[in-house]
Structure formats: structure tokens, C-alpha cells
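Below is one structure, written out as C-alpha cells; the observations come after it.
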Amino acid sequence: MKSRKEINKQNYQHDATYSPAQRKRYCNPAQRKLQHKATYSPAQRKLEYIQQKSASAQKVRNEQFCNRSTRSTSTSNQADIKLPIEIRESLKHAIKCDQKSMQVEGRVDAFCLPVCLICDRVIFGCETVHKVDKEAVLATKSKFSIEEYNSFYDMELHAELIKQYEVEGLEGLLLSPRATKTTNASTGDVHYSTCFNCYNSMKDKRSDNPPKHAIANGFAI
């Protein structure tokens, strides 16, 4: 059993080792955090810096997105990027022409991509959209007639299948009813959209064969 003198000596050594200032600094969380940061390696400090910059950049992007979504409708059609005046006007003109060519007849608020009358395919991209009237189609009806189709393939098309490829005013021909139709307001002439390949094939008077991808070329399905 320790004597009273030995116990007092032990307590005195403990008090001398940990002064009140040292104990306060050791118990302070801020001081402990500072000491912990001092032990970071250069790679860790660089990683923390990159994370802070990334968080800051993400915050800026979020603010820009919120500002863009709350714009008024009067400035919604303006380009977000700065363009020269001549390019901006050309861009507006191109958008206007695209909307005009894709507008559905009789519906101001409806737009669709043009469809070829001959091959029933969508005309997209930079391909030229040609217009043909009824007279031009009837002048080359031997290329698209149902009788020629049945004679060449030695078969009889079903009535429902014929109805699927029937265009008003052009009965008896295998054409696409989904083709874009435009009517001239002054003359009343009706024109249909055709793709570049079908249009060139229609203009070829030397052959009675239908265009390569035409419905009447074995694609009535």
C-alpha cells in the first residue's frame, strides 16, 4: 500500500505534465482540427482544393440554369450565345423556312417532317424537298399503277392493302397518304412532297420502271 507522501508526489507530477492551458488546447475541437489539417500531405491539400473548386463551379452552373429557366417569354427566342448580326439573321431565316416547310396544312400550331409521296419515307436533313402536282403524277401513272404491280408480280393485292396506299384524287396508284400536301391559295392547285431520288426518277421519260424505293417497286406491305 502506497503511503500518503507517494500519492501526493504522483498527483504533483500529473499536474505538472498537463497544465490548464495545455488541457484547454487539447479539449478545444478547433485546435484539434487545426492540428489534424497540419498533418495533411500535399496531395491531400491539392485534392481538397479541387473539390472546393468543383463545388463552386457546380453552384455557379445551377444559378445560371435557374436564371435561364426564369427568363421572360419575350427573350426566349433570342440566342443564348453571342453571334454576329449577319449570322444571327441567317439563322432566324433558316428556322423560319424550316417551320414553313414542316407546317401542317390547316393547322397553325402543328408541324411535321415532310414525307415522300412515292416511297413513303421521311425527308430529313439537308435533302431537297421537291413538289409535284397531280398532273405530273398522272403523267407517269404507269410507274405506280396497281394493275402494273399485279401484272409484274403475278398476284392480286388485297383490298385493305390497296386502301392503305390510296391518295384522294389519285386512286388506282400506290402512293403514300402521309405525304405532305400543300394547296395554292390563289389557284387551288395541290402539290405533294417528294424526295430527290423519286423526283429525278419521275422526270426520266426513258423508263417506265418505278423509283428504286417506291411503294410500287415491291414495297407495298
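Letters A, B, ... mark the chains of the C-alpha cells in the order given; residue numbers begin at 1 per chain; ligand numbers begin at 1, in order shown.
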
Can you list, as a PyMOL selection string, every protein, DNA or RNA residue that comes within 12 Å of stretch 126-129 of chain A when you count only C-alpha atoms, leaving out same-chain residues fewer than 2 positions away?
chain A and resi 94+98+101-102+113-117+121-124+131-132+179-180+191-200

Give me a file of those residues, with N, CA, C and O atoms, as a compact mmCIF listing (two decimals), in the first residue's frame.
```txt
# COMPACT_ATOMS: atom_id res chain seq x y z
N ALA A 94 -33.35 30.71 -91.56
CA ALA A 94 -33.36 29.26 -91.76
C ALA A 94 -34.42 28.59 -90.88
O ALA A 94 -35.13 27.69 -91.33
N ASP A 98 -37.66 26.45 -92.20
CA ASP A 98 -37.91 25.08 -91.74
C ASP A 98 -39.32 24.95 -91.19
O ASP A 98 -40.03 23.98 -91.47
N SER A 101 -41.84 24.95 -94.03
CA SER A 101 -41.88 23.71 -94.81
C SER A 101 -42.47 22.55 -94.03
O SER A 101 -43.00 21.61 -94.62
N MET A 102 -42.39 22.60 -92.70
CA MET A 102 -42.90 21.49 -91.88
C MET A 102 -44.29 21.74 -91.34
O MET A 102 -44.83 20.89 -90.63
N LEU A 113 -42.33 16.50 -90.18
CA LEU A 113 -41.34 16.37 -91.24
C LEU A 113 -42.02 15.95 -92.54
O LEU A 113 -42.99 15.19 -92.51
N PRO A 114 -41.53 16.42 -93.68
CA PRO A 114 -42.16 16.05 -94.95
C PRO A 114 -41.97 14.57 -95.27
O PRO A 114 -40.93 13.98 -94.96
N VAL A 115 -42.97 13.97 -95.88
CA VAL A 115 -42.96 12.56 -96.27
C VAL A 115 -43.08 12.48 -97.78
O VAL A 115 -43.88 13.21 -98.39
N CYS A 116 -42.32 11.59 -98.40
CA CYS A 116 -42.34 11.46 -99.86
C CYS A 116 -43.61 10.76 -100.31
O CYS A 116 -44.03 9.74 -99.73
N LEU A 117 -44.22 11.28 -101.36
CA LEU A 117 -45.45 10.70 -101.92
C LEU A 117 -45.18 9.36 -102.57
O LEU A 117 -46.05 8.47 -102.54
N ARG A 121 -41.24 7.61 -97.36
CA ARG A 121 -40.14 7.80 -96.41
C ARG A 121 -40.07 9.25 -95.95
O ARG A 121 -40.44 10.16 -96.69
N VAL A 122 -39.58 9.44 -94.73
CA VAL A 122 -39.43 10.78 -94.18
C VAL A 122 -38.24 11.46 -94.84
O VAL A 122 -37.16 10.87 -94.98
N ILE A 123 -38.43 12.71 -95.24
CA ILE A 123 -37.35 13.51 -95.84
C ILE A 123 -36.74 14.37 -94.74
O ILE A 123 -37.40 15.29 -94.24
N PHE A 124 -35.53 14.08 -94.35
CA PHE A 124 -34.91 14.83 -93.25
C PHE A 124 -33.51 15.24 -93.64
O PHE A 124 -32.99 14.85 -94.69
N LYS A 131 -41.64 19.42 -105.02
CA LYS A 131 -43.10 19.47 -105.06
C LYS A 131 -43.58 19.00 -106.43
O LYS A 131 -43.06 19.44 -107.46
N VAL A 132 -44.57 18.11 -106.44
CA VAL A 132 -45.18 17.64 -107.70
C VAL A 132 -46.70 17.80 -107.58
O VAL A 132 -47.27 17.63 -106.50
N ALA A 179 -48.03 11.73 -97.27
CA ALA A 179 -47.21 12.75 -97.92
C ALA A 179 -47.70 14.15 -97.55
O ALA A 179 -48.91 14.36 -97.37
N THR A 180 -46.77 15.07 -97.45
CA THR A 180 -47.11 16.45 -97.11
C THR A 180 -47.81 17.10 -98.30
O THR A 180 -47.27 17.12 -99.41
N HIS A 191 -50.15 20.32 -104.38
CA HIS A 191 -48.81 19.78 -104.60
C HIS A 191 -48.46 18.83 -103.46
O HIS A 191 -48.86 19.04 -102.31
N TYR A 192 -47.66 17.82 -103.79
CA TYR A 192 -47.22 16.82 -102.82
C TYR A 192 -45.70 16.83 -102.74
O TYR A 192 -45.02 17.11 -103.73
N SER A 193 -45.18 16.50 -101.58
CA SER A 193 -43.73 16.48 -101.38
C SER A 193 -43.15 15.16 -101.87
O SER A 193 -43.74 14.09 -101.68
N THR A 194 -41.98 15.24 -102.48
CA THR A 194 -41.25 14.05 -102.94
C THR A 194 -39.77 14.24 -102.62
O THR A 194 -39.28 15.37 -102.55
N CYS A 195 -39.09 13.13 -102.46
CA CYS A 195 -37.66 13.19 -102.19
C CYS A 195 -36.88 13.38 -103.49
O CYS A 195 -37.43 13.32 -104.59
N PHE A 196 -35.59 13.57 -103.35
CA PHE A 196 -34.73 13.87 -104.50
C PHE A 196 -34.68 12.70 -105.49
O PHE A 196 -34.82 12.89 -106.71
N ASN A 197 -34.52 11.47 -104.98
CA ASN A 197 -34.38 10.31 -105.86
C ASN A 197 -35.67 10.02 -106.62
O ASN A 197 -35.65 9.75 -107.84
N CYS A 198 -36.79 10.06 -105.94
CA CYS A 198 -38.07 9.78 -106.59
C CYS A 198 -38.42 10.86 -107.61
O CYS A 198 -38.98 10.57 -108.67
N TYR A 199 -38.09 12.08 -107.29
CA TYR A 199 -38.39 13.18 -108.21
C TYR A 199 -37.59 13.03 -109.51
O TYR A 199 -38.13 13.19 -110.61
N ASN A 200 -36.32 12.70 -109.39
CA ASN A 200 -35.50 12.51 -110.59
C ASN A 200 -35.97 11.32 -111.41
O ASN A 200 -35.94 11.34 -112.65
```

Pick from A:Glu135, A:Asn217, A:His158, A:Lys203, whichever lies nearest to A:Asp189 using only C-alpha atoms
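Among the listed residues, the smallest separation from A:Asp189 belongs to A:Glu135.
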
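If you look at atom CA of A:Ser201 and atom CA of A:Phe219, they are 16.4 Å away from each other.
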
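Near A:Pro177, within 9 Å and counting only C-alpha atoms, sit Leu117, Asp120, Gln164, Tyr165, Glu166, Val167 and Glu168 of chain A, not including residues fewer than 5 positions from it in the same chain.
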
Output for the residues just chosen: N, CA, C and O atoms as a compact mmCIF listing (two decimals), in the first residue's frame:
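Written file, selection_13.txt:
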```
# COMPACT_ATOMS: atom_id res chain seq x y z
N LEU A 117 -44.22 11.28 -101.36
CA LEU A 117 -45.45 10.70 -101.92
C LEU A 117 -45.18 9.36 -102.57
O LEU A 117 -46.05 8.47 -102.54
N ASP A 120 -42.91 6.88 -99.44
CA ASP A 120 -43.45 6.88 -98.08
C ASP A 120 -42.34 6.98 -97.03
O ASP A 120 -42.48 6.47 -95.91
N GLN A 164 -54.67 1.15 -98.01
CA GLN A 164 -53.61 1.73 -97.17
C GLN A 164 -52.73 2.69 -97.96
O GLN A 164 -52.17 3.62 -97.40
N TYR A 165 -52.60 2.47 -99.27
CA TYR A 165 -51.75 3.32 -100.12
C TYR A 165 -52.60 4.07 -101.15
O TYR A 165 -52.20 4.19 -102.31
N GLU A 166 -53.72 4.57 -100.72
CA GLU A 166 -54.62 5.29 -101.61
C GLU A 166 -54.65 6.77 -101.23
O GLU A 166 -54.84 7.12 -100.08
N VAL A 167 -54.46 7.61 -102.24
CA VAL A 167 -54.47 9.06 -102.04
C VAL A 167 -55.70 9.63 -102.74
O VAL A 167 -56.00 9.25 -103.88
N GLU A 168 -56.40 10.50 -102.07
CA GLU A 168 -57.61 11.09 -102.64
C GLU A 168 -57.27 11.87 -103.91
O GLU A 168 -56.39 12.72 -103.92
```

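For stretch 170-218 of chain A, backbone-based DSSP assignment of strand (DSSP E or B) covers Leu173, Lys181, Thr182, Thr183, Val190, His191, Tyr192, Ser193 and Thr194 of chain A.
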
Hey, can you spit out that residue selection with all heavy atoms as a CSV table (one decimal), in the first residue's frame?
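What ended up in again37.csv:
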```csv
chain,number,residue,atom,x,y,z
A,173,LEU,N,-53.4,4.2,-107.8
A,173,LEU,CA,-52.0,4.3,-107.8
A,173,LEU,C,-51.5,4.0,-106.4
A,173,LEU,O,-52.2,4.2,-105.4
A,173,LEU,CB,-51.5,5.7,-108.2
A,173,LEU,CG,-52.0,6.2,-109.5
A,173,LEU,CD1,-51.4,7.6,-109.8
A,173,LEU,CD2,-51.5,5.3,-110.7
A,181,LYS,N,-49.0,17.6,-98.1
A,181,LYS,CA,-49.8,18.2,-99.1
A,181,LYS,C,-49.9,19.7,-98.9
A,181,LYS,O,-50.2,20.2,-97.8
A,181,LYS,CB,-51.2,17.6,-99.2
A,181,LYS,CG,-52.1,18.1,-100.3
A,181,LYS,CD,-53.4,17.4,-100.3
A,181,LYS,CE,-54.3,17.7,-99.1
A,181,LYS,NZ,-55.6,17.1,-99.2
A,182,THR,N,-49.7,20.5,-99.9
A,182,THR,CA,-49.9,22.0,-99.9
A,182,THR,C,-50.8,22.4,-101.0
A,182,THR,O,-50.7,21.9,-102.1
A,182,THR,CB,-48.5,22.7,-100.0
A,182,THR,OG1,-47.9,22.2,-101.2
A,182,THR,CG2,-47.6,22.4,-98.8
A,183,THR,N,-51.6,23.4,-100.7
A,183,THR,CA,-52.6,23.9,-101.6
A,183,THR,C,-52.3,25.4,-101.9
A,183,THR,O,-52.2,26.2,-101.0
A,183,THR,CB,-54.0,23.7,-101.1
A,183,THR,OG1,-54.2,22.4,-100.8
A,183,THR,CG2,-55.1,24.2,-102.1
A,190,VAL,N,-53.0,21.6,-106.0
A,190,VAL,CA,-52.5,20.8,-104.9
A,190,VAL,C,-51.1,20.2,-105.3
A,190,VAL,O,-51.0,19.6,-106.4
A,190,VAL,CB,-53.4,19.6,-104.5
A,190,VAL,CG1,-52.9,18.8,-103.4
A,190,VAL,CG2,-54.8,20.2,-104.2
A,191,HIS,N,-50.1,20.3,-104.4
A,191,HIS,CA,-48.8,19.8,-104.6
A,191,HIS,C,-48.5,18.8,-103.5
A,191,HIS,O,-48.9,19.0,-102.3
A,191,HIS,CB,-47.8,20.9,-104.7
A,191,HIS,CG,-47.9,21.8,-105.9
A,191,HIS,ND1,-48.8,22.8,-106.0
A,191,HIS,CD2,-47.2,21.8,-107.1
A,191,HIS,CE1,-48.7,23.4,-107.2
A,191,HIS,NE2,-47.8,22.8,-107.9
A,192,TYR,N,-47.7,17.8,-103.8
A,192,TYR,CA,-47.2,16.8,-102.8
A,192,TYR,C,-45.7,16.8,-102.7
A,192,TYR,O,-45.0,17.1,-103.7
A,192,TYR,CB,-47.7,15.4,-103.2
A,192,TYR,CG,-49.2,15.3,-103.3
A,192,TYR,CD1,-49.9,15.5,-104.4
A,192,TYR,CD2,-49.9,15.0,-102.1
A,192,TYR,CE1,-51.3,15.4,-104.5
A,192,TYR,CE2,-51.3,14.8,-102.2
A,192,TYR,CZ,-52.0,15.0,-103.4
A,192,TYR,OH,-53.3,14.9,-103.4
A,193,SER,N,-45.2,16.5,-101.6
A,193,SER,CA,-43.7,16.5,-101.4
A,193,SER,C,-43.1,15.2,-101.9
A,193,SER,O,-43.7,14.1,-101.7
A,193,SER,CB,-43.4,16.7,-99.9
A,193,SER,OG,-44.0,15.6,-99.1
A,194,THR,N,-42.0,15.2,-102.5
A,194,THR,CA,-41.2,14.1,-102.9
A,194,THR,C,-39.8,14.2,-102.6
A,194,THR,O,-39.3,15.4,-102.5
A,194,THR,CB,-41.4,13.8,-104.5
A,194,THR,OG1,-41.0,15.0,-105.2
A,194,THR,CG2,-42.9,13.5,-104.8
```

Can you work out the spacing between atom CA of A:Ala139 and atom CA of A:Cys112 in Å, to one decimal?
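So the answer is 28.4 Å.
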
Determine the nearest neighbour of A:Met155 from the options A:Met202, A:Tyr49, A:Pro211, A:Gly218, counting only C-alpha atoms.
A:Gly218

Can you measure atom CA of A:Ile162 to atom CA of A:Ser207 for me? One decimal in Å is fine.
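Computed distance, atom CA of A:Ile162 to atom CA of A:Ser207, equals 24.2 Å.
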
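Closest to A:Lys205 among A:Ser90, A:Gln52, A:Gln58, A:Thr140 is A:Thr140, based on only C-alpha atoms.
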
Would you give me, as a list in words, the residues in stretch 173-213 of chain A that DSSP reads as alpha helix (DSSP H)?
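The alpha helix (DSSP H) residues within stretch 173-213 of chain A come out as Phe196, Asn197, Cys198, Tyr199, Asn200, Ser201, Met202 and Lys203 of chain A.
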